[in-house]
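Trainee: Dropping in run-v9.csv, which is CSV, C-alpha atoms:
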```csv
chain,number,residue,atom,x,y,z
S,220,MET,CA,2.4,19.0,-23.1
S,221,ASP,CA,1.5,19.6,-19.4
S,222,PRO,CA,4.5,18.6,-17.2
S,223,ILE,CA,2.3,16.5,-14.9
S,224,TYR,CA,1.5,14.1,-17.8
S,225,GLU,CA,5.1,14.0,-18.8
S,226,ARG,CA,6.0,12.9,-15.3
S,227,HIS,CA,3.2,10.3,-15.3
S,228,ARG,CA,4.7,8.7,-18.3
S,229,ALA,CA,8.0,8.5,-16.5
S,230,VAL,CA,6.7,6.2,-13.8
S,231,THR,CA,8.4,2.8,-13.9
S,232,VAL,CA,7.2,0.1,-11.5
S,233,ARG,CA,9.7,-2.6,-10.8
S,234,PRO,CA,10.3,-5.3,-8.1
S,235,ALA,CA,11.8,-3.8,-5.0
S,236,HIS,CA,15.3,-4.9,-3.9
S,237,ARG,CA,17.3,-4.5,-0.7
S,238,GLY,CA,18.8,-1.3,-1.9
S,239,ASP,CA,15.3,0.3,-1.8
S,240,ALA,CA,15.0,-0.3,2.0
S,241,GLU,CA,15.9,3.2,3.1
S,242,ALA,CA,13.7,5.0,0.6
S,243,ILE,CA,10.8,2.7,1.5
S,244,ARG,CA,11.4,3.2,5.2
S,245,ALA,CA,11.4,7.0,4.7
S,246,ILE,CA,8.0,6.9,3.0
S,247,ARG,CA,6.6,4.6,5.7
S,248,ASN,CA,8.0,6.8,8.5
S,249,HIS,CA,6.4,9.9,6.9
S,250,ALA,CA,3.1,8.1,6.8
S,251,ILE,CA,3.5,7.0,10.4
S,252,GLU,CA,4.4,10.5,11.6
S,253,HIS,CA,1.9,12.5,9.5
S,254,SER,CA,-1.1,10.4,8.6
S,255,THR,CA,-3.6,7.7,9.7
S,256,ALA,CA,-2.6,5.4,6.9
S,257,LEU,CA,-0.4,3.3,9.3
S,258,TRP,CA,-1.9,2.8,12.7
S,259,THR,CA,1.2,3.1,14.8
S,260,GLN,CA,3.1,6.1,16.1
S,261,THR,CA,6.5,4.3,16.3
S,262,PRO,CA,8.7,5.0,13.3
S,263,GLN,CA,10.8,2.1,11.9
S,264,SER,CA,14.5,1.9,12.6
S,265,PRO,CA,16.8,1.1,9.7
S,266,THR,CA,17.1,-2.5,11.0
S,267,GLU,CA,13.3,-2.9,11.3
S,268,GLY,CA,12.7,-1.4,7.9
S,269,ALA,CA,15.2,-3.8,6.3
S,270,ALA,CA,13.7,-6.8,8.0
S,271,TRP,CA,10.2,-5.8,7.1
S,272,LEU,CA,11.2,-5.4,3.4
S,273,ALA,CA,13.2,-8.7,3.4
S,274,THR,CA,10.0,-10.6,4.3
S,275,HIS,CA,8.3,-9.1,1.2
S,276,LEU,CA,11.3,-9.7,-1.0
S,277,GLU,CA,11.3,-13.4,-0.1
S,278,ARG,CA,7.8,-13.7,-1.2
S,279,GLY,CA,8.2,-11.5,-4.3
S,280,SER,CA,5.5,-9.1,-3.1
S,281,ALA,CA,7.2,-5.7,-3.0
S,282,PHE,CA,7.3,-3.2,-5.8
S,283,VAL,CA,8.6,0.4,-6.1
S,284,ALA,CA,7.7,3.2,-8.5
S,285,ASP,CA,10.7,4.9,-9.9
S,286,VAL,CA,10.3,8.5,-11.1
S,287,ASP,CA,13.3,10.3,-12.4
S,288,GLY,CA,15.6,7.9,-10.6
S,289,GLU,CA,13.8,8.4,-7.2
S,290,VAL,CA,11.7,5.9,-5.4
S,291,ALA,CA,8.4,7.8,-5.5
S,292,GLY,CA,6.3,5.1,-3.9
S,293,PHE,CA,6.0,1.5,-3.0
S,294,ALA,CA,3.4,-1.3,-2.8
S,295,VAL,CA,3.4,-4.6,-1.0
S,296,TYR,CA,1.0,-7.4,-0.4
S,297,GLY,CA,1.2,-9.9,2.4
S,298,PRO,CA,-0.9,-12.4,4.2
S,299,TRP,CA,-4.3,-11.1,5.3
S,300,ARG,CA,-4.3,-13.4,8.3
S,301,GLU,CA,-1.7,-15.9,9.5
S,302,LEU,CA,-3.9,-19.1,9.7
S,303,ASP,CA,-3.5,-21.4,6.8
S,304,GLY,CA,-7.2,-21.2,5.9
S,305,TYR,CA,-6.6,-17.6,4.7
S,306,ARG,CA,-3.5,-18.6,2.6
S,307,HIS,CA,-5.2,-17.6,-0.7
S,308,THR,CA,-6.1,-14.1,0.6
S,309,VAL,CA,-3.6,-11.2,0.7
S,310,GLU,CA,-3.8,-7.6,1.9
S,311,ASP,CA,-2.4,-4.8,-0.1
S,312,SER,CA,-0.5,-1.6,0.9
S,313,VAL,CA,0.2,1.3,-1.4
S,314,TYR,CA,2.2,4.4,-0.4
S,315,VAL,CA,3.3,7.4,-2.4
S,316,ARG,CA,6.1,9.8,-1.4
S,317,GLU,CA,4.9,13.1,-0.1
S,318,GLY,CA,4.7,15.7,-2.9
S,319,ARG,CA,4.3,13.0,-5.6
S,320,HIS,CA,0.5,12.4,-5.2
S,321,GLY,CA,-1.7,12.9,-8.3
S,322,LEU,CA,0.8,11.7,-10.8
S,323,GLY,CA,-0.6,8.2,-11.3
S,324,ILE,CA,2.0,6.6,-9.1
S,325,GLY,CA,-0.5,4.9,-6.8
S,326,SER,CA,-2.4,3.6,-9.8
S,327,ALA,CA,0.7,2.2,-11.4
S,328,LEU,CA,1.7,0.5,-8.2
S,329,LEU,CA,-1.7,-1.0,-7.5
S,330,ALA,CA,-2.0,-2.3,-11.1
S,331,ALA,CA,1.4,-4.1,-10.7
S,332,LEU,CA,0.5,-5.5,-7.3
S,333,ILE,CA,-2.8,-6.9,-8.5
S,334,THR,CA,-1.1,-8.6,-11.5
S,335,ALA,CA,1.6,-10.0,-9.2
S,336,ALA,CA,-0.9,-11.4,-6.7
S,337,ARG,CA,-3.0,-12.9,-9.5
S,338,ASP,CA,0.1,-14.5,-11.1
S,339,ALA,CA,1.1,-15.9,-7.7
S,340,GLY,CA,-2.2,-17.7,-7.6
S,341,HIS,CA,-4.0,-15.7,-4.9
S,342,HIS,CA,-7.8,-15.7,-4.8
S,343,VAL,CA,-8.7,-12.4,-3.2
S,344,VAL,CA,-7.0,-9.1,-2.3
S,345,ILE,CA,-8.2,-7.2,0.8
S,346,ALA,CA,-7.7,-3.5,1.4
S,347,GLY,CA,-8.0,-2.2,4.9
S,348,ILE,CA,-8.2,1.6,4.7
S,349,GLU,CA,-8.8,4.3,7.3
S,350,ALA,CA,-12.4,5.3,6.5
S,351,GLU,CA,-11.6,9.0,6.0
S,352,ASN,CA,-8.9,8.2,3.4
S,353,THR,CA,-11.1,8.9,0.5
S,354,SER,CA,-8.2,9.0,-2.0
S,355,SER,CA,-7.2,5.5,-1.2
S,356,ILE,CA,-10.8,4.3,-1.3
S,357,ARG,CA,-11.4,5.9,-4.7
S,358,LEU,CA,-8.1,4.4,-6.0
S,359,HIS,CA,-9.2,0.9,-5.0
S,360,GLU,CA,-12.7,1.4,-6.4
S,361,ARG,CA,-11.2,2.3,-9.8
S,362,PHE,CA,-9.5,-1.1,-9.8
S,363,GLY,CA,-12.7,-3.0,-9.0
S,364,PHE,CA,-12.5,-3.3,-5.2
S,365,HIS,CA,-15.9,-3.3,-3.5
S,366,HIS,CA,-16.7,-2.0,-0.1
S,367,VAL,CA,-17.6,-4.9,2.2
S,368,GLY,CA,-17.9,-3.1,5.5
S,369,THR,CA,-16.6,-0.5,7.8
S,370,VAL,CA,-15.7,-1.4,11.4
S,371,PRO,CA,-16.1,1.6,13.7
S,372,GLU,CA,-13.5,2.7,16.2
S,373,VAL,CA,-11.1,-0.3,15.9
S,374,GLY,CA,-8.0,1.8,16.0
S,375,THR,CA,-6.6,5.0,17.5
S,376,LYS,CA,-4.1,7.5,16.5
S,377,PHE,CA,-3.5,11.2,17.2
S,378,GLY,CA,-5.9,11.1,20.1
S,379,ARG,CA,-8.9,9.9,18.1
S,380,TRP,CA,-10.7,6.7,17.2
S,381,LEU,CA,-10.4,5.4,13.7
S,382,ASP,CA,-12.8,3.4,11.6
S,383,LEU,CA,-11.5,0.7,9.2
S,384,THR,CA,-13.1,0.4,5.8
S,385,ILE,CA,-12.6,-3.1,4.3
S,386,MET,CA,-12.6,-3.5,0.5
S,387,ARG,CA,-12.3,-6.7,-1.5
S,388,LEU,CA,-11.1,-7.6,-5.0
S,389,PRO,CA,-11.6,-11.2,-6.3
S,390,LEU,CA,-8.7,-12.3,-8.5
S,391,THR,CA,-10.2,-15.5,-10.0
```
Written as structure tokens, how would this file's structure read?
Mentor:
Amino acid sequence: MDPIYERHRAVTVRPAHRGDAEAIRAIRNHAIEHSTALWTQTPQSPTEGAAWLATHLERGSAFVADVDGEVAGFAVYGPWRELDGYRHTVEDSVYVREGRHGLGIGSALLAALITAARDAGHHVVIAGIEAENTSSIRLHERFGFHHVGTVPEVGTKFGRWLDLTIMRLPLT
């Protein structure tokens, strides 16, 4: 059997725990430093990473993909907007460790995240994706997300303006 498929079968998605904070922070910081997936240029410190994860752990909205004993990716959902009128809408984030793309990790994480959001009683999941991130857009489309608009030049990173594609998945 092709080794890539053997690895795909070894992906285990589980709820994140505090001990995953450093692995998750490393994945986030790589995305901050090398991609337009996170629209900041300031890496998280260990204290900031632990606090960020703790918020998601309290709500039960953080998951990791374990491959061969390594955290190979993570996914979280959180409030889309802070006002109570938006309380039934969440926004997702899915990240895969560099060198682990194409193994089904993002799909496994997004599937778990959607199930958890639905089980928690949420109504809609929003994905805000940098418009040139076609891999993430295709991933979300495979799970039934629909493109609802692209907002041009609402962010900046690496000396250029970024467009934000908004996608939506109804859960109920």
Trainee: Taking only C-alpha atoms into account, produce a table as JSON lines in which each residue of region 267-314 of chain S with an atom at most 7 Å from an atom of region 228-243 of chain S appears once, together with its shortest atom pair and the distance in Å to one decimal, ordered by chain and rising number.
Mentor:
```
{"residue": "S:Gly268", "atom": "CA", "partner": "S:Ala240", "partner_atom": "CA", "distance": 6.4}
{"residue": "S:Ala269", "atom": "CA", "partner": "S:Ala240", "partner_atom": "CA", "distance": 5.5}
{"residue": "S:Leu272", "atom": "CA", "partner": "S:Ala240", "partner_atom": "CA", "distance": 6.5}
{"residue": "S:Leu276", "atom": "CA", "partner": "S:His236", "partner_atom": "CA", "distance": 6.9}
{"residue": "S:Ala281", "atom": "CA", "partner": "S:Ala235", "partner_atom": "CA", "distance": 5.4}
{"residue": "S:Phe282", "atom": "CA", "partner": "S:Pro234", "partner_atom": "CA", "distance": 4.3}
{"residue": "S:Val283", "atom": "CA", "partner": "S:Ala235", "partner_atom": "CA", "distance": 5.4}
{"residue": "S:Ala284", "atom": "CA", "partner": "S:Val232", "partner_atom": "CA", "distance": 4.3}
{"residue": "S:Asp285", "atom": "CA", "partner": "S:Thr231", "partner_atom": "CA", "distance": 5.1}
{"residue": "S:Val286", "atom": "CA", "partner": "S:Val230", "partner_atom": "CA", "distance": 5.1}
{"residue": "S:Asp287", "atom": "CA", "partner": "S:Ala229", "partner_atom": "CA", "distance": 6.9}
{"residue": "S:Val290", "atom": "CA", "partner": "S:Ala242", "partner_atom": "CA", "distance": 6.4}
{"residue": "S:Phe293", "atom": "CA", "partner": "S:Ile243", "partner_atom": "CA", "distance": 6.7}
```
Trainee: Given all atoms listed in the file as the basis, pick out the residue of S:Arg319, S:Leu329, S:Thr266, S:Trp271 nearest to Arg361 (chain S).
Mentor: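 That would be S:Leu329, the residue with the smallest distance to Arg361 (chain S).
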Trainee: With distances taken over only C-alpha atoms, which residue among S:Arg247, S:Arg337, S:Gly378, S:Ser254 lies nearest Glu267 (chain S)?
Mentor: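 Under the stated criterion, the closest residue is S:Arg247.
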Trainee: Which residue is closest to Ser312 (chain S)? Choose from S:Gly340, S:Gly347, S:Gly279, S:Gly363 and count only C-alpha atoms.
Mentor: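 Ranking S:Gly340, S:Gly347, S:Gly279, S:Gly363 by distance to Ser312 (chain S), first place goes to S:Gly347.
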Trainee: Residues of region 245-320 of chain S that approach region 383-390 of chain S to 12 Å or less, counting only C-alpha atoms: could you list each one with the shortest pair of atoms and its distance in Å to one decimal, rows by chain and increasing residue number, as CSV?
Mentor:
```
residue,atom,partner,partner_atom,distance
S:Thr255,CA,S:Leu383,CA,10.6
S:Ala256,CA,S:Leu383,CA,10.3
S:Leu257,CA,S:Leu383,CA,11.4
S:Trp258,CA,S:Leu383,CA,10.4
S:Trp299,CA,S:Arg387,CA,11.4
S:His307,CA,S:Leu390,CA,10.1
S:Thr308,CA,S:Pro389,CA,9.3
S:Val309,CA,S:Arg387,CA,10.0
S:Glu310,CA,S:Arg387,CA,9.2
S:Asp311,CA,S:Arg387,CA,10.2
```
Trainee: Would you mind reading off the distance between CA of Pro265 (chain S) and CA of His320 (chain S), one decimal, in Å?
Mentor: 24.8 Å
Trainee: Write out as a PDB file with C-alpha atoms, keeping the file's coordinate frame which residues come within 9 Å of Asn248 (chain S) when counting all atoms listed in the file, dropping same-chain ones fewer than 4 positions away.
Mentor:
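around35.pdb, freshly written:
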```pdb
ATOM      1  CA  ILE S 243      10.800   2.700   1.500  1.00  0.00           C
ATOM      2  CA  ARG S 244      11.400   3.200   5.200  1.00  0.00           C
ATOM      3  CA  GLU S 252       4.400  10.500  11.600  1.00  0.00           C
ATOM      4  CA  HIS S 253       1.900  12.500   9.500  1.00  0.00           C
ATOM      5  CA  THR S 261       6.500   4.300  16.300  1.00  0.00           C
ATOM      6  CA  PRO S 262       8.700   5.000  13.300  1.00  0.00           C
ATOM      7  CA  GLN S 263      10.800   2.100  11.900  1.00  0.00           C
TER       8      GLN S 263
END
```
Trainee: Using all atoms listed in the file, which of S:Ala245, S:Ser264, S:Thr391, S:Ile251 sits nearest Ala339 (chain S)?
Mentor: S:Thr391
Trainee: Would you kindly place all heavy atoms on region 234-245 of chain S and return the model as a PDB file, in the coordinates of the input?
Mentor:
```pdb
ATOM      1  N   PRO S 234      10.144  -4.594  -9.432  1.00  0.00           N
ATOM      2  CA  PRO S 234      10.300  -5.300  -8.100  1.00  0.00           C
ATOM      3  C   PRO S 234      11.256  -4.537  -7.251  1.00  0.00           C
ATOM      4  O   PRO S 234      12.289  -4.044  -7.718  1.00  0.00           O
ATOM      5  CB  PRO S 234      10.806  -6.662  -8.527  1.00  0.00           C
ATOM      6  CG  PRO S 234      10.396  -6.853  -9.956  1.00  0.00           C
ATOM      7  CD  PRO S 234      10.467  -5.472 -10.568  1.00  0.00           C
ATOM      8  N   ALA S 235      10.922  -4.448  -6.000  1.00  0.00           N
ATOM      9  CA  ALA S 235      11.800  -3.800  -5.000  1.00  0.00           C
ATOM     10  C   ALA S 235      13.038  -4.694  -4.817  1.00  0.00           C
ATOM     11  O   ALA S 235      13.004  -5.905  -5.076  1.00  0.00           O
ATOM     12  CB  ALA S 235      11.096  -3.575  -3.716  1.00  0.00           C
ATOM     13  N   HIS S 236      14.115  -4.105  -4.333  1.00  0.00           N
ATOM     14  CA  HIS S 236      15.300  -4.900  -3.900  1.00  0.00           C
ATOM     15  C   HIS S 236      15.822  -4.270  -2.618  1.00  0.00           C
ATOM     16  O   HIS S 236      15.363  -3.206  -2.173  1.00  0.00           O
ATOM     17  CB  HIS S 236      16.360  -4.886  -5.025  1.00  0.00           C
ATOM     18  CG  HIS S 236      16.771  -3.535  -5.521  1.00  0.00           C
ATOM     19  ND1 HIS S 236      17.554  -2.661  -4.788  1.00  0.00           N
ATOM     20  CD2 HIS S 236      16.493  -2.900  -6.684  1.00  0.00           C
ATOM     21  CE1 HIS S 236      17.746  -1.552  -5.468  1.00  0.00           C
ATOM     22  NE2 HIS S 236      17.110  -1.670  -6.631  1.00  0.00           N
ATOM     23  N   ARG S 237      16.775  -4.949  -2.031  1.00  0.00           N
ATOM     24  CA  ARG S 237      17.300  -4.500  -0.700  1.00  0.00           C
ATOM     25  C   ARG S 237      17.778  -3.085  -0.693  1.00  0.00           C
ATOM     26  O   ARG S 237      17.657  -2.391   0.305  1.00  0.00           O
ATOM     27  CB  ARG S 237      18.411  -5.469  -0.267  1.00  0.00           C
ATOM     28  CG  ARG S 237      17.918  -6.845   0.072  1.00  0.00           C
ATOM     29  CD  ARG S 237      18.999  -7.703   0.730  1.00  0.00           C
ATOM     30  NE  ARG S 237      18.616  -9.099   0.757  1.00  0.00           N
ATOM     31  CZ  ARG S 237      17.726  -9.616   1.582  1.00  0.00           C
ATOM     32  NH1 ARG S 237      17.103  -8.853   2.442  1.00  0.00           N
ATOM     33  NH2 ARG S 237      17.432 -10.899   1.552  1.00  0.00           N
ATOM     34  N   GLY S 238      18.324  -2.624  -1.804  1.00  0.00           N
ATOM     35  CA  GLY S 238      18.800  -1.300  -1.900  1.00  0.00           C
ATOM     36  C   GLY S 238      17.730  -0.200  -1.777  1.00  0.00           C
ATOM     37  O   GLY S 238      18.026   0.984  -1.598  1.00  0.00           O
ATOM     38  N   ASP S 239      16.460  -0.607  -1.876  1.00  0.00           N
ATOM     39  CA  ASP S 239      15.300   0.300  -1.800  1.00  0.00           C
ATOM     40  C   ASP S 239      14.876   0.487  -0.309  1.00  0.00           C
ATOM     41  O   ASP S 239      13.982   1.287  -0.032  1.00  0.00           O
ATOM     42  CB  ASP S 239      14.136  -0.181  -2.577  1.00  0.00           C
ATOM     43  CG  ASP S 239      14.430  -0.240  -4.059  1.00  0.00           C
ATOM     44  OD1 ASP S 239      15.092   0.690  -4.573  1.00  0.00           O
ATOM     45  OD2 ASP S 239      14.006  -1.227  -4.703  1.00  0.00           O
ATOM     46  N   ALA S 240      15.471  -0.258   0.604  1.00  0.00           N
ATOM     47  CA  ALA S 240      15.000  -0.300   2.000  1.00  0.00           C
ATOM     48  C   ALA S 240      14.888   1.077   2.628  1.00  0.00           C
ATOM     49  O   ALA S 240      13.889   1.401   3.285  1.00  0.00           O
ATOM     50  CB  ALA S 240      15.821  -1.244   2.835  1.00  0.00           C
ATOM     51  N   GLU S 241      15.918   1.883   2.462  1.00  0.00           N
ATOM     52  CA  GLU S 241      15.900   3.200   3.100  1.00  0.00           C
ATOM     53  C   GLU S 241      14.875   4.128   2.534  1.00  0.00           C
ATOM     54  O   GLU S 241      14.193   4.852   3.274  1.00  0.00           O
ATOM     55  CB  GLU S 241      17.303   3.817   3.110  1.00  0.00           C
ATOM     56  CG  GLU S 241      17.409   5.064   3.964  1.00  0.00           C
ATOM     57  CD  GLU S 241      16.974   4.889   5.410  1.00  0.00           C
ATOM     58  OE1 GLU S 241      17.144   3.795   5.997  1.00  0.00           O
ATOM     59  OE2 GLU S 241      16.435   5.861   5.983  1.00  0.00           O
ATOM     60  N   ALA S 242      14.707   4.125   1.232  1.00  0.00           N
ATOM     61  CA  ALA S 242      13.700   5.000   0.600  1.00  0.00           C
ATOM     62  C   ALA S 242      12.290   4.544   1.016  1.00  0.00           C
ATOM     63  O   ALA S 242      11.431   5.393   1.310  1.00  0.00           O
ATOM     64  CB  ALA S 242      13.836   4.921  -0.921  1.00  0.00           C
ATOM     65  N   ILE S 243      12.058   3.244   1.061  1.00  0.00           N
ATOM     66  CA  ILE S 243      10.800   2.700   1.500  1.00  0.00           C
ATOM     67  C   ILE S 243      10.519   3.082   2.961  1.00  0.00           C
ATOM     68  O   ILE S 243       9.437   3.524   3.342  1.00  0.00           O
ATOM     69  CB  ILE S 243      10.661   1.212   1.241  1.00  0.00           C
ATOM     70  CG1 ILE S 243      10.608   0.945  -0.258  1.00  0.00           C
ATOM     71  CG2 ILE S 243       9.459   0.613   1.967  1.00  0.00           C
ATOM     72  CD1 ILE S 243      10.734  -0.512  -0.650  1.00  0.00           C
ATOM     73  N   ARG S 244      11.531   2.917   3.784  1.00  0.00           N
ATOM     74  CA  ARG S 244      11.400   3.200   5.200  1.00  0.00           C
ATOM     75  C   ARG S 244      11.067   4.725   5.391  1.00  0.00           C
ATOM     76  O   ARG S 244      10.227   5.087   6.213  1.00  0.00           O
ATOM     77  CB  ARG S 244      12.674   2.880   5.961  1.00  0.00           C
ATOM     78  CG  ARG S 244      12.566   3.078   7.469  1.00  0.00           C
ATOM     79  CD  ARG S 244      13.863   2.676   8.160  1.00  0.00           C
ATOM     80  NE  ARG S 244      14.887   3.686   8.054  1.00  0.00           N
ATOM     81  CZ  ARG S 244      15.032   4.707   8.917  1.00  0.00           C
ATOM     82  NH1 ARG S 244      14.229   4.834   9.932  1.00  0.00           N
ATOM     83  NH2 ARG S 244      15.999   5.584   8.741  1.00  0.00           N
ATOM     84  N   ALA S 245      11.673   5.590   4.600  1.00  0.00           N
ATOM     85  CA  ALA S 245      11.400   7.000   4.700  1.00  0.00           C
ATOM     86  C   ALA S 245       9.927   7.319   4.361  1.00  0.00           C
ATOM     87  O   ALA S 245       9.276   8.129   5.042  1.00  0.00           O
ATOM     88  CB  ALA S 245      12.325   7.811   3.782  1.00  0.00           C
TER      89      ALA S 245
END
```
